[in-house]
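Notes follow once the structure below has been shown.
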Amino acid sequence: MKIIIVGNGKVGFTLAEHLSQEDHDVTIIDTNYETLKKSSDTLDVMCVKGNGASISALRESGVDTADVVIAATHSDEVNMICCLTAKRLGAGFTIARVRNV
């Protein structure tokens with residue numbers, strides 16, 4: 001299963017760790033180079049530096065062929081926009097982490 005995770009904080013890193021151990025094709029999108037380098041060095045994932053709400057970053061990560069996009073950044077608004085954009089670009093399912101209902 002091809003899974004894209006937007007946001008490489010505690011939640012995103014943990015999701016990527018577990019999903020990559022289950023042999024899923026995981027791609028992480030984040031704006032922070034240092035956290036992406038850590039993930040790239042310790043996990044079997046592909047990393048894309050960019051804003052998860054950006055069409056170019058989503059396309060670079062292969063969103064049109066993704067089975068699932070999980071948006072787990074610190075911003076509820078970015079997570080929702082990311083999922084809406086990913087869905088329009090062809091992602092199968094999208095999951096947005098929303099903390100403030």
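Going by the structure tokens order, chains are called A, B, ..., each with residues numbered from 1, while ligands are numbered from 1 in the order shown.
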Query - All residues 9 Å or closer to stretch 19-29 of chain A, only C-alpha atoms, same chain fewer than 4 positions away omitted, as a ChimeraX atom specification - result: /A:1-8,12-15,36,39,43-52,57-58,61-62
Report task. Give me every helix (DSSP H, G or I) residue in stretch 54-93 of chain A, going by DSSP on the backbone, as a list of chain:residue names. Result ->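 Written out, the helix (DSSP H, G or I) residues of stretch 54-93 of chain A are A:Ile55, A:Ser56, A:Ala57, A:Leu58, A:Arg59, A:Glu60, A:Val63, A:Asp64, A:Thr65, A:Asp76, A:Glu77, A:Val78, A:Asn79, A:Met80, A:Ile81, A:Cys82, A:Cys83, A:Leu84, A:Thr85, A:Ala86, A:Lys87, A:Arg88.
Among the candidates A:Ala72, A:Arg99, A:Glu60, A:Ala53, the residue lying nearest to A:Leu84 is A:Ala53 (atoms considered: only C-alpha atoms).
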Report task. Could you check which of A:Arg59, A:Asn32, A:Asp76, A:Asp64 is closest to A:Val101, using only C-alpha atoms? Result -> A:Asp76
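Using only C-alpha atoms, the shortest contact distance between A:Phe93 and any of A:Thr31, A:Thr65, A:Ser40, A:Ser56 is found at A:Thr65.
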What residues in stretch 25-74 of chain A get the DSSP label strand (DSSP E or B)? Please answer as a PDB file with N, CA and C atoms, in the first residue's frame.
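New file states00.pdb:
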ATOM      1  N   ASP A  25       4.753   1.180   1.369  1.00  0.00           N
ATOM      2  CA  ASP A  25       5.562   2.167   0.654  1.00  0.00           C
ATOM      3  C   ASP A  25       5.213   3.533   1.249  1.00  0.00           C
ATOM      4  N   VAL A  26       6.076   4.064   2.120  1.00  0.00           N
ATOM      5  CA  VAL A  26       5.784   5.281   2.878  1.00  0.00           C
ATOM      6  C   VAL A  26       6.616   6.447   2.362  1.00  0.00           C
ATOM      7  N   THR A  27       5.953   7.583   2.169  1.00  0.00           N
ATOM      8  CA  THR A  27       6.612   8.833   1.810  1.00  0.00           C
ATOM      9  C   THR A  27       6.224   9.878   2.847  1.00  0.00           C
ATOM     10  N   ILE A  28       7.208  10.634   3.323  1.00  0.00           N
ATOM     11  CA  ILE A  28       6.970  11.686   4.310  1.00  0.00           C
ATOM     12  C   ILE A  28       7.221  13.039   3.654  1.00  0.00           C
ATOM     13  N   ILE A  29       6.296  13.976   3.876  1.00  0.00           N
ATOM     14  CA  ILE A  29       6.467  15.351   3.417  1.00  0.00           C
ATOM     15  C   ILE A  29       6.572  16.241   4.650  1.00  0.00           C
ATOM     16  N   ASP A  30       7.595  17.089   4.688  1.00  0.00           N
ATOM     17  CA  ASP A  30       7.745  18.041   5.789  1.00  0.00           C
ATOM     18  C   ASP A  30       8.616  19.196   5.312  1.00  0.00           C
ATOM     19  N   MET A  46      10.691   7.253   1.901  1.00  0.00           N
ATOM     20  CA  MET A  46      11.141   8.308   1.011  1.00  0.00           C
ATOM     21  C   MET A  46      10.740   9.639   1.633  1.00  0.00           C
ATOM     22  N   CYS A  47      11.565  10.658   1.523  1.00  0.00           N
ATOM     23  CA  CYS A  47      11.278  11.957   2.124  1.00  0.00           C
ATOM     24  C   CYS A  47      11.234  13.041   1.062  1.00  0.00           C
ATOM     25  N   VAL A  48      10.259  13.948   1.197  1.00  0.00           N
ATOM     26  CA  VAL A  48      10.111  15.080   0.291  1.00  0.00           C
ATOM     27  C   VAL A  48      10.069  16.336   1.140  1.00  0.00           C
ATOM     28  N   LYS A  49      10.961  17.293   0.846  1.00  0.00           N
ATOM     29  CA  LYS A  49      10.965  18.552   1.583  1.00  0.00           C
ATOM     30  C   LYS A  49      10.006  19.507   0.893  1.00  0.00           C
ATOM     31  N   VAL A  68      -3.388   6.099   0.453  1.00  0.00           N
ATOM     32  CA  VAL A  68      -3.802   6.857   1.634  1.00  0.00           C
ATOM     33  C   VAL A  68      -2.871   8.049   1.821  1.00  0.00           C
ATOM     34  N   VAL A  69      -3.452   9.200   2.158  1.00  0.00           N
ATOM     35  CA  VAL A  69      -2.683  10.375   2.570  1.00  0.00           C
ATOM     36  C   VAL A  69      -3.109  10.708   3.993  1.00  0.00           C
ATOM     37  N   ILE A  70      -2.123  10.790   4.885  1.00  0.00           N
ATOM     38  CA  ILE A  70      -2.386  11.121   6.286  1.00  0.00           C
ATOM     39  C   ILE A  70      -1.720  12.461   6.579  1.00  0.00           C
ATOM     40  N   ALA A  71      -2.522  13.459   6.951  1.00  0.00           N
ATOM     41  CA  ALA A  71      -1.995  14.777   7.290  1.00  0.00           C
ATOM     42  C   ALA A  71      -1.951  14.902   8.810  1.00  0.00           C
TER      43      ALA A  71
END
